[in-house]
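File shown here: data-v5.csv, holding CSV, C-alpha atoms and all ligand atoms.
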```csv
chain,number,residue,atom,x,y,z
A,34,MET,CA,9.7,-32.0,-23.4
A,35,LEU,CA,8.3,-34.9,-21.4
A,36,PRO,CA,9.7,-38.2,-22.8
A,37,GLU,CA,6.9,-40.5,-24.0
A,38,PHE,CA,6.9,-44.1,-22.8
A,39,ALA,CA,4.7,-47.3,-22.8
A,40,TRP,CA,4.1,-49.0,-19.5
A,41,GLY,CA,5.2,-52.3,-21.0
A,42,ASP,CA,8.7,-50.9,-21.5
A,43,VAL,CA,9.5,-49.5,-18.1
A,44,LYS,CA,10.6,-50.7,-14.7
A,45,VAL,CA,8.9,-48.9,-11.8
A,46,TYR,CA,10.0,-48.7,-8.2
A,47,VAL,CA,7.0,-48.1,-5.9
A,48,ALA,CA,8.2,-46.9,-2.5
A,49,GLY,CA,5.6,-47.9,0.0
A,50,HIS,CA,4.2,-50.7,-2.2
A,51,ASN,CA,2.5,-52.5,0.7
A,52,GLY,CA,0.6,-49.5,2.0
A,53,LEU,CA,-2.9,-48.3,1.1
A,54,VAL,CA,-1.7,-46.1,-1.8
A,55,GLY,CA,1.3,-48.1,-2.9
A,56,SER,CA,-0.6,-51.4,-3.2
A,57,ALA,CA,-3.3,-49.7,-5.3
A,58,ILE,CA,-0.6,-48.2,-7.6
A,59,VAL,CA,0.9,-51.7,-8.0
A,60,ARG,CA,-2.5,-53.1,-8.9
A,61,ALA,CA,-3.0,-50.4,-11.5
A,62,LEU,CA,0.5,-50.8,-12.9
A,63,LYS,CA,0.0,-54.5,-13.4
A,64,THR,CA,-3.3,-53.9,-15.1
A,65,ALA,CA,-1.5,-51.4,-17.4
A,66,GLY,CA,1.0,-54.2,-18.3
A,67,VAL,CA,4.0,-52.6,-16.6
A,68,GLY,CA,7.4,-54.1,-17.7
A,69,GLU,CA,8.4,-54.7,-14.1
A,70,VAL,CA,7.4,-53.3,-10.7
A,71,ILE,CA,9.7,-53.4,-7.7
A,72,GLY,CA,9.0,-52.8,-4.0
A,73,TYR,CA,10.6,-53.6,-0.7
A,74,ARG,CA,8.8,-54.4,2.5
A,75,SER,CA,9.8,-52.1,5.5
A,76,SER,CA,11.4,-55.2,7.1
A,77,GLU,CA,13.7,-55.4,4.0
A,78,LEU,CA,14.4,-51.8,3.6
A,79,ASP,CA,14.1,-48.9,6.1
A,80,LEU,CA,13.7,-45.9,3.9
A,81,ARG,CA,14.9,-43.7,6.8
A,82,ASP,CA,18.3,-45.3,6.4
A,83,ARG,CA,20.1,-43.3,3.7
A,84,GLU,CA,22.8,-45.8,2.8
A,85,ALA,CA,20.4,-48.7,2.6
A,86,THR,CA,18.0,-46.6,0.4
A,87,PHE,CA,20.9,-45.6,-1.9
A,88,THR,CA,22.0,-49.3,-2.2
A,89,ALA,CA,18.5,-50.6,-2.9
A,90,ILE,CA,17.6,-48.0,-5.6
A,91,SER,CA,21.0,-48.1,-7.3
A,92,GLU,CA,20.8,-51.9,-7.5
A,93,ALA,CA,17.2,-51.9,-8.7
A,94,LYS,CA,17.9,-49.3,-11.4
A,95,PRO,CA,14.3,-48.4,-12.1
A,96,ASP,CA,13.2,-46.1,-15.0
A,97,ILE,CA,10.5,-44.4,-12.9
A,98,VAL,CA,10.1,-43.9,-9.1
A,99,ILE,CA,6.7,-43.4,-7.4
A,100,ASP,CA,7.1,-42.2,-3.8
A,101,ALA,CA,4.0,-43.5,-1.9
A,102,ALA,CA,6.0,-44.2,1.2
A,103,ALA,CA,5.2,-42.2,4.3
A,104,LYS,CA,4.5,-42.3,8.0
A,105,VAL,CA,0.8,-41.6,7.9
A,106,GLY,CA,-2.0,-41.5,10.4
A,107,GLY,CA,-5.3,-40.0,11.4
A,108,ILE,CA,-5.9,-36.8,13.5
A,109,MET,CA,-4.8,-38.4,16.8
A,110,ALA,CA,-1.6,-40.1,15.7
A,111,ASN,CA,-0.6,-37.0,13.8
A,112,SER,CA,-1.1,-34.6,16.7
A,113,THR,CA,0.4,-36.9,19.3
A,114,TYR,CA,3.6,-37.8,17.4
A,115,PRO,CA,4.7,-34.6,15.6
A,116,VAL,CA,8.4,-35.5,16.0
A,117,GLU,CA,8.1,-38.8,14.2
A,118,PHE,CA,5.7,-37.5,11.5
A,119,LEU,CA,8.0,-34.6,10.6
A,120,ARG,CA,11.4,-36.4,10.9
A,121,ASP,CA,10.5,-39.8,9.4
A,122,ASN,CA,8.7,-38.3,6.4
A,123,VAL,CA,11.5,-35.8,5.6
A,124,LEU,CA,14.1,-38.6,5.9
A,125,ILE,CA,12.1,-41.0,3.7
A,126,GLN,CA,11.3,-38.6,0.9
A,127,THR,CA,14.8,-37.0,0.9
A,128,ASN,CA,16.6,-40.3,0.8
A,129,ILE,CA,14.4,-41.6,-2.0
A,130,MET,CA,14.8,-38.4,-4.1
A,131,ASP,CA,18.6,-38.2,-3.5
A,132,ALA,CA,19.0,-41.8,-4.4
A,133,ALA,CA,16.9,-41.3,-7.6
A,134,HIS,CA,19.0,-38.3,-8.5
A,135,ALA,CA,22.3,-40.1,-7.9
A,136,ILE,CA,21.4,-42.7,-10.5
A,137,ASP,CA,19.9,-40.1,-12.9
A,138,ILE,CA,16.2,-41.1,-12.7
A,139,ASP,CA,14.4,-38.6,-14.8
A,140,ARG,CA,10.8,-39.4,-13.9
A,141,LEU,CA,9.6,-39.4,-10.3
A,142,LEU,CA,6.1,-38.9,-8.7
A,143,PHE,CA,5.9,-37.7,-5.1
A,144,LEU,CA,2.6,-38.0,-3.3
A,145,GLY,CA,1.6,-35.6,-0.5
A,146,SER,CA,-1.8,-34.8,1.0
A,147,SER,CA,-4.4,-32.1,1.1
A,148,CYS,CA,-3.3,-31.1,4.6
A,149,ILE,CA,-0.5,-29.1,3.1
A,150,TYR,CA,-2.9,-26.2,2.4
A,151,PRO,CA,-3.6,-23.4,4.9
A,152,ARG,CA,-6.4,-24.0,7.4
A,153,ALA,CA,-8.2,-20.9,6.2
A,154,ALA,CA,-7.7,-21.5,2.5
A,155,THR,CA,-10.5,-20.5,0.2
A,156,GLN,CA,-12.7,-23.5,-0.7
A,157,PRO,CA,-12.5,-25.4,-3.0
A,158,ILE,CA,-8.7,-25.2,-2.5
A,159,ARG,CA,-6.6,-24.4,-5.6
A,160,GLU,CA,-3.0,-25.5,-6.0
A,161,SER,CA,-2.0,-21.8,-5.8
A,162,SER,CA,-3.1,-21.6,-2.1
A,163,LEU,CA,0.1,-23.4,-1.1
A,164,MET,CA,2.1,-21.3,1.4
A,165,THR,CA,-0.5,-18.6,1.7
A,166,GLY,CA,-1.4,-19.0,5.4
A,167,PRO,CA,-0.9,-20.9,8.6
A,168,LEU,CA,-1.5,-24.7,8.7
A,169,GLU,CA,-4.1,-26.7,10.6
A,170,PRO,CA,-2.3,-27.5,14.0
A,171,THR,CA,-3.4,-31.1,14.3
A,172,ASN,CA,-1.5,-32.2,11.2
A,173,GLN,CA,1.1,-29.5,10.7
A,174,ALA,CA,4.2,-31.7,11.3
A,175,TYR,CA,3.1,-34.1,8.5
A,176,ALA,CA,2.1,-31.1,6.3
A,177,MET,CA,5.5,-29.4,6.8
A,178,ALA,CA,7.3,-32.6,5.7
A,179,LYS,CA,5.1,-32.9,2.6
A,180,ILE,CA,5.5,-29.2,1.8
A,181,SER,CA,9.3,-29.6,1.9
A,182,GLY,CA,8.9,-32.6,-0.4
A,183,ILE,CA,7.0,-30.5,-2.9
A,184,PHE,CA,9.8,-27.9,-2.8
A,185,TYR,CA,12.4,-30.5,-3.1
A,186,ILE,CA,10.7,-31.8,-6.3
A,187,GLU,CA,10.6,-28.2,-7.6
A,188,ALA,CA,14.3,-27.7,-6.7
A,189,HIS,CA,15.3,-30.7,-8.8
A,190,ARG,CA,13.3,-29.5,-11.7
A,191,THR,CA,14.9,-26.0,-11.5
A,192,GLU,CA,18.5,-27.1,-10.8
A,193,TYR,CA,18.7,-30.3,-12.7
A,194,ASP,CA,15.9,-30.1,-15.3
A,195,ARG,CA,14.3,-33.3,-13.9
A,196,HIS,CA,10.8,-34.3,-15.0
A,197,TRP,CA,9.8,-34.8,-11.4
A,198,ILE,CA,6.3,-34.1,-10.3
A,199,SER,CA,4.2,-34.0,-7.1
A,200,ALA,CA,0.5,-34.7,-6.6
A,201,MET,CA,-1.7,-34.0,-3.6
A,202,PRO,CA,-4.6,-36.4,-3.0
A,203,THR,CA,-7.5,-35.7,-0.7
A,204,ASN,CA,-8.6,-38.1,2.2
A,205,LEU,CA,-8.2,-41.6,0.8
A,206,TYR,CA,-9.7,-45.0,1.7
A,207,GLY,CA,-10.0,-48.5,0.3
A,208,PRO,CA,-8.7,-52.0,0.6
A,209,GLY,CA,-5.5,-52.3,2.7
A,210,ASP,CA,-6.5,-49.4,4.9
A,211,ASN,CA,-5.4,-49.1,8.5
A,212,PHE,CA,-8.2,-50.1,10.9
A,213,ASP,CA,-6.4,-49.4,14.1
A,214,LEU,CA,-8.7,-47.1,16.1
A,215,GLU,CA,-5.8,-45.1,17.6
A,216,THR,CA,-4.0,-44.3,14.4
A,217,SER,CA,-6.5,-44.7,11.5
A,218,HIS,CA,-8.3,-42.1,9.5
A,219,VAL,CA,-12.0,-41.5,10.0
A,220,LEU,CA,-13.5,-43.8,7.3
A,221,PRO,CA,-11.8,-47.0,8.3
A,222,ALA,CA,-12.4,-46.1,12.0
A,223,PHE,CA,-16.1,-45.8,11.3
A,224,ILE,CA,-16.2,-49.2,9.5
A,225,ARG,CA,-14.6,-50.9,12.5
A,226,ARG,CA,-16.5,-49.0,15.2
A,227,PHE,CA,-19.9,-49.7,13.7
A,228,HIS,CA,-19.1,-53.3,12.7
A,229,GLU,CA,-17.9,-54.1,16.3
A,230,ALA,CA,-20.9,-52.4,17.8
A,231,LYS,CA,-23.2,-54.3,15.5
A,232,VAL,CA,-21.6,-57.6,16.5
A,233,SER,CA,-21.6,-56.9,20.2
A,234,GLY,CA,-25.1,-55.4,20.1
A,235,ALA,CA,-23.9,-52.1,21.7
A,236,PRO,CA,-26.8,-49.5,21.8
A,237,SER,CA,-24.5,-46.6,21.0
A,238,VAL,CA,-21.1,-45.8,19.4
A,239,THR,CA,-19.1,-42.7,20.5
A,240,VAL,CA,-17.0,-41.0,17.8
A,241,TRP,CA,-14.7,-38.0,17.8
A,242,GLY,CA,-15.3,-34.3,17.5
A,243,THR,CA,-18.6,-32.5,16.7
A,244,GLY,CA,-19.2,-34.2,13.3
A,245,SER,CA,-19.4,-30.8,11.6
A,246,PRO,CA,-16.1,-30.7,9.7
A,247,ARG,CA,-16.4,-31.6,6.0
A,248,ARG,CA,-14.2,-34.0,4.2
A,249,GLU,CA,-14.0,-35.6,0.7
A,250,PHE,CA,-13.2,-39.3,0.3
A,251,LEU,CA,-11.5,-40.7,-2.7
A,252,HIS,CA,-11.1,-44.4,-3.4
A,253,VAL,CA,-7.5,-45.3,-3.6
A,254,ASP,CA,-8.0,-47.1,-6.9
A,255,ASP,CA,-9.1,-43.8,-8.4
A,256,LEU,CA,-6.0,-42.2,-7.1
A,257,ALA,CA,-3.9,-44.9,-8.6
A,258,ALA,CA,-5.4,-44.3,-12.0
A,259,ALA,CA,-4.7,-40.6,-11.6
A,260,CYS,CA,-1.0,-41.4,-10.8
A,261,LEU,CA,-0.5,-43.4,-13.9
A,262,MET,CA,-2.2,-40.7,-16.1
A,263,LEU,CA,0.0,-38.0,-14.5
A,264,LEU,CA,3.2,-39.9,-15.1
A,265,GLN,CA,2.3,-40.0,-18.8
A,266,LYS,CA,0.9,-36.5,-19.2
A,267,TYR,CA,1.8,-34.1,-16.4
A,268,ASP,CA,5.1,-32.2,-16.3
A,269,SER,CA,4.9,-29.0,-14.2
A,270,HIS,CA,6.7,-27.5,-11.2
A,271,GLU,CA,3.4,-26.9,-9.6
A,272,THR,CA,1.8,-29.7,-7.6
A,273,ILE,CA,-1.6,-31.0,-8.8
A,274,ASN,CA,-4.7,-31.8,-6.7
A,275,VAL,CA,-6.4,-35.3,-6.9
A,276,GLY,CA,-9.8,-35.1,-5.4
A,277,LEU,CA,-13.5,-35.9,-5.8
A,278,GLY,CA,-14.7,-32.4,-6.1
A,279,ASP,CA,-17.4,-33.1,-3.5
A,280,ASP,CA,-17.4,-33.3,0.3
A,281,MET,CA,-19.8,-34.1,3.2
A,282,PRO,CA,-20.0,-33.4,6.9
A,283,ILE,CA,-18.4,-36.1,9.1
A,284,LYS,CA,-21.9,-36.6,10.6
A,285,GLU,CA,-23.2,-37.6,7.2
A,286,LEU,CA,-20.3,-40.0,6.7
A,287,ALA,CA,-21.0,-41.6,10.1
A,288,GLU,CA,-24.7,-42.2,9.1
A,289,THR,CA,-23.6,-43.5,5.6
A,290,VAL,CA,-21.1,-46.0,7.1
A,291,ALA,CA,-23.4,-47.1,9.8
A,292,ALA,CA,-26.1,-47.9,7.2
A,293,ALA,CA,-23.6,-49.7,5.0
A,294,VAL,CA,-22.4,-51.8,7.9
A,295,GLY,CA,-26.0,-52.4,9.2
A,296,TYR,CA,-25.6,-50.8,12.6
A,297,GLU,CA,-28.9,-49.4,13.9
A,298,GLY,CA,-27.9,-48.0,17.3
A,299,THR,CA,-27.2,-44.3,18.1
A,300,ILE,CA,-24.1,-42.2,17.3
A,301,GLN,CA,-22.7,-40.0,20.1
A,302,TRP,CA,-20.1,-37.2,19.5
A,303,ASP,CA,-17.2,-36.7,21.9
A,304,SER,CA,-16.5,-33.0,21.4
A,305,SER,CA,-13.4,-33.2,23.7
A,306,LYS,CA,-11.7,-34.8,20.7
A,307,PRO,CA,-10.3,-32.5,18.0
A,308,ASP,CA,-12.3,-31.6,14.8
A,309,GLY,CA,-9.2,-30.7,12.9
A,310,MET,CA,-9.5,-28.6,9.7
A,311,PRO,CA,-13.1,-27.3,9.2
A,312,ARG,CA,-13.0,-28.1,5.5
A,313,LYS,CA,-10.5,-29.2,2.9
A,314,LEU,CA,-12.3,-29.6,-0.4
A,315,LEU,CA,-9.8,-29.7,-3.3
A,316,ASP,CA,-10.3,-27.8,-6.5
A,317,THR,CA,-9.8,-30.5,-9.2
A,318,SER,CA,-10.1,-28.4,-12.3
A,319,ARG,CA,-6.5,-28.9,-13.2
A,320,ILE,CA,-6.5,-32.7,-13.2
A,321,ASN,CA,-10.0,-32.8,-14.7
A,322,ASP,CA,-8.7,-30.8,-17.6
A,323,LEU,CA,-6.2,-33.6,-18.2
A,324,GLY,CA,-9.2,-36.0,-18.6
A,325,TRP,CA,-9.1,-37.8,-15.2
A,326,PHE,CA,-12.3,-38.1,-13.2
A,327,PRO,CA,-13.0,-40.5,-10.3
A,328,GLN,CA,-15.0,-43.6,-11.2
A,329,ILE,CA,-15.9,-45.2,-7.9
A,330,SER,CA,-18.9,-43.9,-6.0
A,331,LEU,CA,-18.7,-43.5,-2.2
A,332,ALA,CA,-21.5,-46.1,-1.8
A,333,ASP,CA,-19.6,-48.7,-3.8
A,334,GLY,CA,-16.3,-47.8,-2.3
A,335,ILE,CA,-17.5,-48.1,1.3
A,336,ALA,CA,-19.3,-51.4,0.5
A,337,SER,CA,-16.2,-53.0,-1.0
A,338,THR,CA,-13.9,-51.6,1.7
A,339,TYR,CA,-16.2,-53.1,4.3
A,340,GLN,CA,-16.0,-56.5,2.5
A,341,TRP,CA,-12.2,-56.2,2.5
A,342,TYR,CA,-12.3,-55.4,6.3
A,343,LEU,CA,-14.5,-58.5,6.9
A,344,ALA,CA,-12.2,-60.7,5.0
A,345,ASN,CA,-8.9,-59.4,6.4
A,346,ASN,CA,-9.4,-57.8,9.8
A,347,ALA,CA,-12.7,-58.5,11.5
A,401,LIG,P1,-8.0,-35.4,9.1
A,401,LIG,O1,-8.7,-35.3,7.8
A,401,LIG,O2,-6.5,-35.1,9.0
A,401,LIG,O3,-8.6,-34.5,10.1
A,401,LIG,O4,-8.0,-36.9,9.6
A,401,LIG,P2,-9.1,-38.0,10.2
A,401,LIG,O5,-9.5,-38.8,9.0
A,401,LIG,O6,-8.4,-38.7,11.3
A,401,LIG,O7,-10.3,-37.2,10.8
A,401,LIG,C1,-11.3,-36.5,10.1
A,401,LIG,C2,-12.4,-36.1,11.0
A,401,LIG,O8,-13.1,-37.2,11.5
A,401,LIG,C3,-12.0,-35.3,12.2
A,401,LIG,O9,-12.9,-34.2,12.4
A,401,LIG,C4,-12.1,-36.3,13.4
A,401,LIG,O10,-12.4,-35.7,14.6
A,401,LIG,C5,-13.4,-37.0,12.9
A,401,LIG,N1,-13.5,-38.4,13.5
A,401,LIG,C6,-14.7,-38.8,14.2
A,401,LIG,N2,-14.5,-40.0,14.7
A,401,LIG,C7,-13.2,-40.4,14.4
A,401,LIG,C8,-12.5,-41.6,14.6
A,401,LIG,O11,-13.0,-42.6,15.2
A,401,LIG,N3,-11.2,-41.7,14.1
A,401,LIG,C9,-10.7,-40.6,13.4
A,401,LIG,N4,-9.5,-40.7,12.9
A,401,LIG,N5,-11.4,-39.5,13.2
A,401,LIG,C10,-12.6,-39.4,13.6
```

So that I can check it, write out the structure of this file as structure tokens.
Amino acid sequence: MLPEFAWGDVKVYVAGHNGLVGSAIVRALKTAGVGEVIGYRSSELDLRDREATFTAISEAKPDIVIDAAAKVGGIMANSTYPVEFLRDNVLIQTNIMDAAHAIDIDRLLFLGSSCIYPRAATQPIRESSLMTGPLEPTNQAYAMAKISGIFYIEAHRTEYDRHWISAMPTNLYGPGDNFDLETSHVLPAFIRRFHEAKVSGAPSVTVWGTGSPRREFLHVDDLAAACLMLLQKYDSHETINVGLGDDMPIKELAETVAAAVGYEGTIQWDSSKPDGMPRKLLDTSRINDLGWFPQISLADGIASTYQWYLANNA
């Protein structure tokens, strides 16, 4: 049986609390009136360092751990640095889980990504598609690390009866995103590219691939709400998808972001750059059955993320 708790009574360690996902979770926890929330900047704690991670977590003694720490990146970073994406993520998640186990933490949420599913998975992708076929090559290093994390969660449930769970979000965006054009995901890259082209008066903007792959985009505050709900209600060895239930071609996203930014030039497609997975729409019936639905429309989410970019990066 899953132990019940009130947010006001618990101390939560959010690994990766400064990242896109972690910072949204911290905002949601504070709104929920969490007893205490702890996080360490990467300059204070390198989660790849096993000893340092054990020391930090055993001194902090949280009641709940949320693992939102990962080396993440868009299609280029992922396919260019498979060594770092596999090694760093395995180290980070294994150290966090082993340290949590060592001090007997019974509630832990591990976050992965929709790229764990096979490239040719039936759409929309159900949780049961995991491990049923080959991965998309452009992000398989990251996916392999996350898949081993899901199995490590499951192993702790089986061997030690832990109430640990994992959740797999779709492509995320929002305030605090990475806008570096070499390493970012597509939505922040579009915000930056179209904004800079508008400011410089460039007649056209070149983006990657053919524009035909389809993606779904979930605002990170919707994911954070899902994480809090799952920690109170979900307790299964099977991972759970967190998505919008709706996707669009990258071409349509480009037009939507260009319009939101106010860029009126033309968009060119560089098909020498990879398209990646043709489609990865998540089946969200499992999380919807628990009562969670996304609240932030793509139009509102893009508008507010653009405002955040203007205030923080532009
Ligand atoms: P993915 O979902 O793992 O493939 O990650 P991305 O968000 O990096 O890329 C999604 C899709 O957007 C791919 O088909 C990319 O080729 C396409 N795309 C188009 N322009 C860009 C860009 O400027 N940056 C990124 N990251 N992707 C782009």

(request) Would you mind telling me which residue in A:Met177, A:Ala85, A:Cys260, A:Ala102 lies nearest to A:Val116 when using all atoms listed in the file? (result)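 Answer, going by the shortest atom-to-atom distance: A:Met177.
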
Would you list the residues near (5.0, -28.3, -16.5) (no more than 9 Å away, in the coordinates of the file, using all atoms listed in the file) as a CSV table (one decimal) with C-alpha atoms, in the frame of the given file?
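Done, and the output landed in selection12.csv:
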```csv
chain,number,residue,atom,x,y,z
A,35,LEU,CA,8.3,-34.9,-21.4
A,196,HIS,CA,10.8,-34.3,-15.0
A,198,ILE,CA,6.3,-34.1,-10.3
A,267,TYR,CA,1.8,-34.1,-16.4
A,268,ASP,CA,5.1,-32.2,-16.3
A,269,SER,CA,4.9,-29.0,-14.2
A,270,HIS,CA,6.7,-27.5,-11.2
A,271,GLU,CA,3.4,-26.9,-9.6
```

(request) Go through A:Glu215, A:Glu288, A:Asp121, A:Asp210 one by one, measure the shortest atom-to-atom distance of each to A:Trp341 using all atoms listed in the file, and give the residue with the smallest value. (result) A:Asp210

(message) I need the residue nearest ligand LIG 401 (chain A) from this list: A:Val70, A:Ala287, A:Ala293, A:Ala153. Use all atoms listed in the file for the distance.
(response)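 With all atoms listed in the file as the atom set, the closest residue is A:Ala287.
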
(request) Please give me, as a list in words, the residues lying within 7 Å of ligand LIG 401 (chain A) when counting only C-alpha atoms and all ligand atoms. (result)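 Using only C-alpha atoms and all ligand atoms, everything at most 7 Å from ligand LIG 401 (chain A) comes to Gly107, Ile108, Met109, Cys148, Asn172, Asn204, Leu214, Thr216, Ser217, His218, Val219, Leu220, Ala222, Phe223, Val240, Trp241, Gly242, Gly244, Pro246, Arg248, Ile283, Lys306, Pro307, Asp308, Gly309 and Met310 of chain A.
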
(message) To one decimal place in Å, what is the distance between atom CA of A:His252 and atom CA of A:Glu229?
(response) 23.0 Å

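We find atom CA of A:Gly278 and atom CA of A:Asp316 to be spaced 6.4 Å apart.
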
(request) Kindly indicate which residue among A:Asp194, A:Glu117, A:Asp279, A:Asp255 lies nearest to A:Leu314, using all atoms listed in the file for the distances. (result) A:Asp279

(request) Name the residues in contact with A:Ser56 at a cut-off of 10 Å, using only C-alpha atoms, excluding same-chain residues fewer than 2 positions from it; report them as number ranges by chain. (result) A: 47-54, 58-62, 72, 101, 208-209, 253-254, 257

Which neighbours of A:Ile224 fall inside 7 Å, counting only C-alpha atoms, when residues of the same chain fewer than 5 positions from it are skipped, and could you give them as a short mmCIF file (atom, residue, chain, number, x, y, z; two decimals) with C-alpha atoms, in the frame of the given file?
```
data_model
loop_
_atom_site.label_atom_id
_atom_site.label_comp_id
_atom_site.auth_asym_id
_atom_site.auth_seq_id
_atom_site.Cartn_x
_atom_site.Cartn_y
_atom_site.Cartn_z
CA VAL A 290 -21.10 -46.00 7.10
CA VAL A 294 -22.40 -51.80 7.90
CA TYR A 339 -16.20 -53.10 4.30
#
```

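Of the residues under consideration (A:Val105, A:Pro202, A:Arg74, A:Leu261), A:Leu261 shows the shortest atom-to-atom contact distance to A:Trp40 when counting all atoms listed in the file.
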
(message) (-22.0, -43.2, 16.9) in this file's frame - what residues fall within 8 Å of it? Use all atoms listed in the file and give the answer as a ChimeraX atom specification.
(response) /A:227,237-240,287,298-302

(message) One decimal, in Å: what's the spacing between atom CA of A:Glu285 and atom CA of A:Leu251?
(response)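 Computed distance, atom CA of A:Glu285 to atom CA of A:Leu251, equals 15.6 Å.
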
(request) Go through A:Val43, A:Leu343, A:Met201, A:Leu124 one by one, measure the shortest atom-to-atom distance of each to A:Val232 using all atoms listed in the file, and give the residue with the smallest value. (result)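 Using all atoms listed in the file, the shortest distance to A:Val232 belongs to A:Leu343.
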
Kindly list the centre and edge lengths in Å, rounded to one decimal, for the axis-aligned box that covers all listed atoms of stretch 148-163 of chain A plus 6 Å on each of its six sides, as JSON.
```
{"center_x": -6.3, "center_y": -25.8, "center_z": 0.7, "size_x": 24.8, "size_y": 22.6, "size_z": 25.4}
```

(request) Excluding A:Ile149 and residues on its chain fewer than 5 positions from it, collect all residues at most 12 Å away from it, counting only C-alpha atoms, and give them as an NGL selection string. (result) :A and (144 or 154 or 158-184 or 200-203 or 272 or 274 or 310 or 313 or 315)

May I have the residues from that selection written out with C-alpha atoms, as a tab-separated table (two decimals), in the frame of the given file?
```tsv
chain	number	residue	atom	x	y	z
A	144	LEU	CA	2.60	-38.00	-3.30
A	154	ALA	CA	-7.70	-21.50	2.50
A	158	ILE	CA	-8.70	-25.20	-2.50
A	159	ARG	CA	-6.60	-24.40	-5.60
A	160	GLU	CA	-3.00	-25.50	-6.00
A	161	SER	CA	-2.00	-21.80	-5.80
A	162	SER	CA	-3.10	-21.60	-2.10
A	163	LEU	CA	0.10	-23.40	-1.10
A	164	MET	CA	2.10	-21.30	1.40
A	165	THR	CA	-0.50	-18.60	1.70
A	166	GLY	CA	-1.40	-19.00	5.40
A	167	PRO	CA	-0.90	-20.90	8.60
A	168	LEU	CA	-1.50	-24.70	8.70
A	169	GLU	CA	-4.10	-26.70	10.60
A	170	PRO	CA	-2.30	-27.50	14.00
A	171	THR	CA	-3.40	-31.10	14.30
A	172	ASN	CA	-1.50	-32.20	11.20
A	173	GLN	CA	1.10	-29.50	10.70
A	174	ALA	CA	4.20	-31.70	11.30
A	175	TYR	CA	3.10	-34.10	8.50
A	176	ALA	CA	2.10	-31.10	6.30
A	177	MET	CA	5.50	-29.40	6.80
A	178	ALA	CA	7.30	-32.60	5.70
A	179	LYS	CA	5.10	-32.90	2.60
A	180	ILE	CA	5.50	-29.20	1.80
A	181	SER	CA	9.30	-29.60	1.90
A	182	GLY	CA	8.90	-32.60	-0.40
A	183	ILE	CA	7.00	-30.50	-2.90
A	184	PHE	CA	9.80	-27.90	-2.80
A	200	ALA	CA	0.50	-34.70	-6.60
A	201	MET	CA	-1.70	-34.00	-3.60
A	202	PRO	CA	-4.60	-36.40	-3.00
A	203	THR	CA	-7.50	-35.70	-0.70
A	272	THR	CA	1.80	-29.70	-7.60
A	274	ASN	CA	-4.70	-31.80	-6.70
A	310	MET	CA	-9.50	-28.60	9.70
A	313	LYS	CA	-10.50	-29.20	2.90
A	315	LEU	CA	-9.80	-29.70	-3.30
```
